[in-house]
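J.: Before anything else, here's the structure in question.
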Amino acid sequence: MNNRRIVLLDLMQGLAMILVVIGHHLFPFMPEWYRALHYYIYLFHMPFFIFISAFLIRYSYKEIKNTKEYYLYILRKARKFIPPYLVIGVICIILKRPQNITEFCHKTALLIYEPLSSEATFLWYIYLLFIFYLISPIVFFLSTRNKIVLLAICFLISLQLPETNYFCISYFCKLSPFYMAGVLAAERWGAINKFNPMWGIPALLCFCVLSVTHFIIGYNHVLEIAISWIAIPSMTYIAWLLGNIHILRNMLTSISINCFGIYLLHMFFIQGIALLFSYTNVVCTTQVALIYLTISVITSITMAAYSWKGLNRLLKL
């Protein structure tokens with residue numbers, strides 16, 4: 001993977017992580033404009049994140065030739081994802097103070113079979129990413145033509161989502177087209193390597209038009225699907241623009257490098273800062289809410305990254 005591709009992917013992933021953190025501030029004391037911003041961000045930030053994740057999964061993948069290698073592959077991914085997922089999930093349950101051991105066991109079980117209903121709802125991405133890793137060797141084995149067919153099938157399924165939260169099935173169906181798009185982009189199209197900033201300008205303009213239209217006319221399923229797809233080249237272009245500013249390039253790259261740890265830990269800092277601000281009556285004003293959001297996003301990302309580094313150093317001792 002050449003340096004240009006590495007830098008741009010880091011910029012994209014760093015930007016996506018910032019959008020995730022901004023979107024996790026839906027508290028009762030936040031003003032109405034944030035609620036609209038929250039809903040708007042959720043139209044496209046996770047499709048963009050899944051696209052990047054799929055690209056990275058495919059591009060870093062080493063071919064698996066037999067069942068034994070697949071077993072070892074699953075074991076490596078399980079060691080990476082399952083322990084931190086369960087530890088963070090259980091900490092979230094304990095912080096909610098379950099009344100008895102039965103309630104604790106029930107909420108712990110939810111982490112396994114219904115993560116979207118658990119006390120650690122925000123960890124659903126880690127849960128889903130693990131599933132995508134598990135199926136990736138099978139998907140990668142398909143021909144390009146079959147992958148395109150699978151992309152089309154996933155897209156059709158995403159238009160009529162199953163009404164269940166079990167095992168993240170609904171989110172899997174919703175986001176699988178973006179996973180397939182990321183795989184194809186990494187595998188055949190070389191979209192990131194061949195990225196030309198001129199491609200991003202019309203995409204960003206289209207994204208802006210669709211966004212304004214969305215706020216004017218309100219909910220529209222077709223419009224929301226269009227926004228989620230056009231956001232991928234648009235956010236890529238924005239990431240490229242930010243990368244031309246040295247301090248922002250370094251910031252986004254650092255966030256990308258620590259992305260896994262930031263995702264796992266950022267909500268603890270968001271909740272802590274929110275608790276402090278909830279004792280005041282001024283956050284509901286636009287000016288203070290903007291200051292609060294800026295402080296919370298920067299602090300949560302920074303502290304989560306440093307905490308994750310510290311934990312890794314401690315575990316290696």
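Chain labels run A, B, ... following the order of the structure tokens; each chain numbers its residues from 1, and ligands are numbered from 1 in the order shown.
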I'd like a table as CSV: residues in range 183-266 of chain A with an atom no more than 10 Å from range 132-143 of chain A, each row giving the shortest atom pair and its distance in Å to one decimal, only C-alpha atoms counted, sorted by chain and rising residue number.

T.:
```
residue,atom,partner,partner_atom,distance
A:Val183,CA,A:Phe140,CA,8.1
A:Leu184,CA,A:Phe140,CA,9.5
A:Glu187,CA,A:Phe140,CA,8.9
```

J.: Restricting the output to C-alpha atoms, write the selected residues as a PDB file, in the first residue's frame.

T.:
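The result, written out as again.pdb:
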```
ATOM      1  CA  VAL A 183     -14.409  -4.489  -0.537  1.00  0.00           C
ATOM      2  CA  LEU A 184     -14.839  -3.839  -4.244  1.00  0.00           C
ATOM      3  CA  GLU A 187     -10.013  -5.052  -4.562  1.00  0.00           C
TER       4      GLU A 187
END
```

J.: Which residues are close to range 71-84 of chain A, i.e. within 9 Å by only C-alpha atoms, leaving aside same-chain residues fewer than 2 positions away? Reply as a PyMOL selection string.

T.: chain A and resi 64+66-69+86-89+126-127+129-130+133-134+264

J.: Keeping only N, CA and C atoms, write the selected residues as a PDB file, in the first residue's frame.

T.:
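The file below, part-v9.pdb, is the result:
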```pdb
ATOM      1  N   ILE A  64      -6.407 -16.977   2.910  1.00  0.00           N
ATOM      2  CA  ILE A  64      -6.594 -18.184   3.716  1.00  0.00           C
ATOM      3  C   ILE A  64      -6.826 -19.348   2.760  1.00  0.00           C
ATOM      4  N   ASN A  66      -7.019 -22.866   3.696  1.00  0.00           N
ATOM      5  CA  ASN A  66      -7.688 -24.077   4.176  1.00  0.00           C
ATOM      6  C   ASN A  66      -8.456 -23.795   5.458  1.00  0.00           C
ATOM      7  N   THR A  67      -9.134 -24.816   5.948  1.00  0.00           N
ATOM      8  CA  THR A  67      -9.970 -24.683   7.141  1.00  0.00           C
ATOM      9  C   THR A  67      -9.160 -24.331   8.377  1.00  0.00           C
ATOM     10  N   LYS A  68      -7.980 -24.928   8.502  1.00  0.00           N
ATOM     11  CA  LYS A  68      -7.139 -24.654   9.658  1.00  0.00           C
ATOM     12  C   LYS A  68      -6.733 -23.187   9.701  1.00  0.00           C
ATOM     13  N   GLU A  69      -6.356 -22.629   8.569  1.00  0.00           N
ATOM     14  CA  GLU A  69      -5.970 -21.220   8.524  1.00  0.00           C
ATOM     15  C   GLU A  69      -7.160 -20.321   8.846  1.00  0.00           C
ATOM     16  N   LEU A  86     -16.429  -7.340  25.773  1.00  0.00           N
ATOM     17  CA  LEU A  86     -17.097  -7.835  26.971  1.00  0.00           C
ATOM     18  C   LEU A  86     -16.704  -7.028  28.209  1.00  0.00           C
ATOM     19  N   VAL A  87     -15.432  -6.678  28.316  1.00  0.00           N
ATOM     20  CA  VAL A  87     -14.966  -5.913  29.483  1.00  0.00           C
ATOM     21  C   VAL A  87     -15.641  -4.548  29.529  1.00  0.00           C
ATOM     22  N   ILE A  88     -15.622  -3.829  28.404  1.00  0.00           N
ATOM     23  CA  ILE A  88     -16.257  -2.511  28.362  1.00  0.00           C
ATOM     24  C   ILE A  88     -17.759  -2.632  28.588  1.00  0.00           C
ATOM     25  N   GLY A  89     -18.366  -3.655  27.984  1.00  0.00           N
ATOM     26  CA  GLY A  89     -19.798  -3.871  28.161  1.00  0.00           C
ATOM     27  C   GLY A  89     -20.166  -4.128  29.601  1.00  0.00           C
ATOM     28  N   ILE A 126     -18.432  -2.456  17.059  1.00  0.00           N
ATOM     29  CA  ILE A 126     -17.405  -3.455  17.319  1.00  0.00           C
ATOM     30  C   ILE A 126     -17.966  -4.851  17.091  1.00  0.00           C
ATOM     31  N   TYR A 127     -19.177  -5.076  17.556  1.00  0.00           N
ATOM     32  CA  TYR A 127     -19.877  -6.352  17.378  1.00  0.00           C
ATOM     33  C   TYR A 127     -20.043  -6.661  15.889  1.00  0.00           C
ATOM     34  N   LEU A 129     -18.447  -5.255  13.321  1.00  0.00           N
ATOM     35  CA  LEU A 129     -17.156  -5.341  12.643  1.00  0.00           C
ATOM     36  C   LEU A 129     -16.570  -6.745  12.788  1.00  0.00           C
ATOM     37  N   PHE A 130     -16.738  -7.336  13.956  1.00  0.00           N
ATOM     38  CA  PHE A 130     -16.274  -8.706  14.174  1.00  0.00           C
ATOM     39  C   PHE A 130     -16.991  -9.667  13.222  1.00  0.00           C
ATOM     40  N   TYR A 133     -15.553  -9.322   9.795  1.00  0.00           N
ATOM     41  CA  TYR A 133     -14.271 -10.024   9.717  1.00  0.00           C
ATOM     42  C   TYR A 133     -14.476 -11.519   9.520  1.00  0.00           C
ATOM     43  N   LEU A 134     -15.462 -12.091  10.217  1.00  0.00           N
ATOM     44  CA  LEU A 134     -15.701 -13.530  10.135  1.00  0.00           C
ATOM     45  C   LEU A 134     -16.133 -13.965   8.738  1.00  0.00           C
ATOM     46  N   LEU A 264     -13.838   2.332  21.725  1.00  0.00           N
ATOM     47  CA  LEU A 264     -14.177   1.570  22.921  1.00  0.00           C
ATOM     48  C   LEU A 264     -14.375   2.458  24.149  1.00  0.00           C
TER      49      LEU A 264
END
```

J.: Which residue gives the smallest distance to Pro197 in chain A among A:Asn244, A:Gln160, A:Asn165, A:Thr213, with only C-alpha atoms counted?

T.: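 Selected residue with least distance to Pro197 in chain A: A:Asn244.
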
J.: Find the residues around range 50-63 of chain A up to 7 Å (only C-alpha atoms counted), leave out those fewer than 6 positions away in its own chain, and share them as a list in words.

T.: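 Skipping anything fewer than 6 positions along the chain leaves Gln13, Phe178, Tyr179, Ala181, Gly182, Val183, Ala185, Ala186 and Glu187 of chain A.
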
J.: Skipping near chain neighbours, those fewer than 4 positions away, what residues fall within 9 Å of Leu116 in chain A using only C-alpha atoms, listed as a short mmCIF file (atom, residue, chain, number, x, y, z; two decimals) with N, CA and C atoms, in the first residue's frame?

T.:
```
data_model
loop_
_atom_site.label_atom_id
_atom_site.label_comp_id
_atom_site.auth_asym_id
_atom_site.auth_seq_id
_atom_site.Cartn_x
_atom_site.Cartn_y
_atom_site.Cartn_z
N LEU A 110 -27.43 -9.83 27.10
CA LEU A 110 -27.82 -8.94 26.00
C LEU A 110 -26.62 -8.52 25.17
N LEU A 111 -25.47 -8.40 25.79
CA LEU A 111 -24.26 -8.06 25.05
C LEU A 111 -23.97 -9.08 23.97
N ALA A 120 -24.49 -1.13 26.75
CA ALA A 120 -23.37 -0.63 25.95
C ALA A 120 -23.77 -0.58 24.48
N THR A 121 -24.88 0.07 24.20
CA THR A 121 -25.41 0.11 22.84
C THR A 121 -24.39 0.62 21.83
N PHE A 122 -23.57 1.58 22.25
CA PHE A 122 -22.61 2.20 21.33
C PHE A 122 -21.58 1.20 20.80
N LEU A 123 -21.45 0.05 21.46
CA LEU A 123 -20.46 -0.94 21.03
C LEU A 123 -20.95 -1.81 19.87
N TRP A 124 -22.15 -1.52 19.35
CA TRP A 124 -22.67 -2.35 18.26
C TRP A 124 -21.72 -2.37 17.07
N ASN A 165 -33.52 -6.84 16.52
CA ASN A 165 -32.21 -6.39 17.00
C ASN A 165 -31.30 -7.56 17.37
N TYR A 166 -31.81 -8.77 17.22
CA TYR A 166 -31.00 -9.93 17.58
C TYR A 166 -29.74 -10.01 16.72
N PHE A 167 -28.61 -10.17 17.40
CA PHE A 167 -27.31 -10.37 16.75
C PHE A 167 -26.99 -9.28 15.71
N CYS A 168 -27.55 -8.09 15.93
CA CYS A 168 -27.28 -6.94 15.04
C CYS A 168 -27.72 -7.21 13.60
#
```

J.: Just the residues within 10 Å of Cys206 in chain A, please, counting only C-alpha atoms, with nothing from its chain fewer than 2 positions along; format it as a PyMOL selection string.

T.: chain A and resi 200-204+208-212+226-227+230-231+234

J.: For Ile232 in chain A, which residue among A:Ile148, A:Leu161, A:Met12, A:Ile41 is the nearest when counting only C-alpha atoms?

T.: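 Of the candidates, the smallest distance to Ile232 in chain A is held by A:Met12.
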
J.: Range 120-202 of chain A: which residues are alpha helix (DSSP H) by DSSP, as a PyMOL selection string?

T.: chain A and resi 124-141+144-158+169-184+197-202

J.: By how many Å are CA of Phe215 in chain A and CA of Met30 in chain A apart?

T.: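 According to the coordinates, CA of Phe215 in chain A and CA of Met30 in chain A are separated by 19.2 Å.
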
J.: Record the distance separating CA of Lys147 in chain A and CA of Lys174 in chain A, expressed in Å with one decimal.

T.: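 According to the coordinates, CA of Lys147 in chain A and CA of Lys174 in chain A are separated by 17.1 Å.
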
J.: With a distance cut-off of 10 Å and only C-alpha atoms, select the neighbouring residues of Ile18 in chain A, excluding the residue or stretch itself and same-chain residues fewer than 3 positions from it, and output the selection as a PyMOL selection string.

T.: chain A and resi 13-15+21-23+45+252+255-256+259+262+297-298+301

J.: Take the residues just selected and output them with N, CA, C and O atoms as a PDB file, in the first residue's frame.

T.:
```pdb
ATOM      1  N   GLN A  13     -10.580   7.840   7.979  1.00  0.00           N
ATOM      2  CA  GLN A  13     -10.976   7.156   9.202  1.00  0.00           C
ATOM      3  C   GLN A  13     -10.992   8.115  10.394  1.00  0.00           C
ATOM      4  O   GLN A  13     -11.863   8.025  11.258  1.00  0.00           O
ATOM      5  N   GLY A  14     -10.041   9.026  10.436  1.00  0.00           N
ATOM      6  CA  GLY A  14     -10.022  10.027  11.499  1.00  0.00           C
ATOM      7  C   GLY A  14     -11.256  10.912  11.448  1.00  0.00           C
ATOM      8  O   GLY A  14     -11.880  11.201  12.483  1.00  0.00           O
ATOM      9  N   LEU A  15     -11.641  11.347  10.237  1.00  0.00           N
ATOM     10  CA  LEU A  15     -12.841  12.165  10.074  1.00  0.00           C
ATOM     11  C   LEU A  15     -14.088  11.393  10.483  1.00  0.00           C
ATOM     12  O   LEU A  15     -14.968  11.924  11.174  1.00  0.00           O
ATOM     13  N   VAL A  21     -18.089  10.509  17.338  1.00  0.00           N
ATOM     14  CA  VAL A  21     -18.066  11.122  18.667  1.00  0.00           C
ATOM     15  C   VAL A  21     -19.050  12.279  18.742  1.00  0.00           C
ATOM     16  O   VAL A  21     -19.779  12.428  19.734  1.00  0.00           O
ATOM     17  N   ILE A  22     -19.119  13.101  17.706  1.00  0.00           N
ATOM     18  CA  ILE A  22     -20.091  14.200  17.687  1.00  0.00           C
ATOM     19  C   ILE A  22     -21.505  13.654  17.800  1.00  0.00           C
ATOM     20  O   ILE A  22     -22.361  14.218  18.496  1.00  0.00           O
ATOM     21  N   GLY A  23     -21.754  12.528  17.147  1.00  0.00           N
ATOM     22  CA  GLY A  23     -23.098  11.961  17.140  1.00  0.00           C
ATOM     23  C   GLY A  23     -23.511  11.284  18.429  1.00  0.00           C
ATOM     24  O   GLY A  23     -24.670  10.884  18.573  1.00  0.00           O
ATOM     25  N   HIS A  45     -22.763   8.840   8.525  1.00  0.00           N
ATOM     26  CA  HIS A  45     -21.432   8.643   9.102  1.00  0.00           C
ATOM     27  C   HIS A  45     -21.073   7.177   9.284  1.00  0.00           C
ATOM     28  O   HIS A  45     -19.935   6.782   9.053  1.00  0.00           O
ATOM     29  N   LEU A 252      -5.900  14.032  12.426  1.00  0.00           N
ATOM     30  CA  LEU A 252      -6.735  12.960  11.872  1.00  0.00           C
ATOM     31  C   LEU A 252      -5.967  11.644  11.795  1.00  0.00           C
ATOM     32  O   LEU A 252      -6.532  10.571  12.045  1.00  0.00           O
ATOM     33  N   ILE A 255      -5.824  10.161  15.295  1.00  0.00           N
ATOM     34  CA  ILE A 255      -7.127   9.589  15.649  1.00  0.00           C
ATOM     35  C   ILE A 255      -7.309   8.250  14.957  1.00  0.00           C
ATOM     36  O   ILE A 255      -7.785   7.279  15.557  1.00  0.00           O
ATOM     37  N   SER A 256      -6.930   8.175  13.690  1.00  0.00           N
ATOM     38  CA  SER A 256      -7.078   6.937  12.929  1.00  0.00           C
ATOM     39  C   SER A 256      -6.246   5.809  13.526  1.00  0.00           C
ATOM     40  O   SER A 256      -6.722   4.673  13.669  1.00  0.00           O
ATOM     41  N   CYS A 259      -7.964   4.518  16.544  1.00  0.00           N
ATOM     42  CA  CYS A 259      -9.409   4.486  16.313  1.00  0.00           C
ATOM     43  C   CYS A 259     -10.117   3.416  17.155  1.00  0.00           C
ATOM     44  O   CYS A 259     -11.171   3.673  17.744  1.00  0.00           O
ATOM     45  N   ILE A 262     -10.247   4.481  20.815  1.00  0.00           N
ATOM     46  CA  ILE A 262     -11.125   5.637  20.967  1.00  0.00           C
ATOM     47  C   ILE A 262     -12.581   5.212  20.927  1.00  0.00           C
ATOM     48  O   ILE A 262     -13.403   5.657  21.744  1.00  0.00           O
ATOM     49  N   VAL A 297     -15.926  16.758  22.620  1.00  0.00           N
ATOM     50  CA  VAL A 297     -15.381  15.969  21.513  1.00  0.00           C
ATOM     51  C   VAL A 297     -13.860  15.886  21.602  1.00  0.00           C
ATOM     52  O   VAL A 297     -13.274  14.798  21.522  1.00  0.00           O
ATOM     53  N   ILE A 298     -13.209  17.032  21.783  1.00  0.00           N
ATOM     54  CA  ILE A 298     -11.741  17.059  21.848  1.00  0.00           C
ATOM     55  C   ILE A 298     -11.235  16.275  23.061  1.00  0.00           C
ATOM     56  O   ILE A 298     -10.317  15.450  22.949  1.00  0.00           O
ATOM     57  N   ILE A 301     -11.959  12.324  22.768  1.00  0.00           N
ATOM     58  CA  ILE A 301     -11.060  11.665  21.817  1.00  0.00           C
ATOM     59  C   ILE A 301      -9.645  11.589  22.381  1.00  0.00           C
ATOM     60  O   ILE A 301      -8.989  10.533  22.340  1.00  0.00           O
TER      61      ILE A 301
END
```

J.: Separation of CA of Tyr306 in chain A and CA of His25 in chain A, in Å?

T.: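 Answer for the CA of Tyr306 in chain A to CA of His25 in chain A separation: 20.8 Å.
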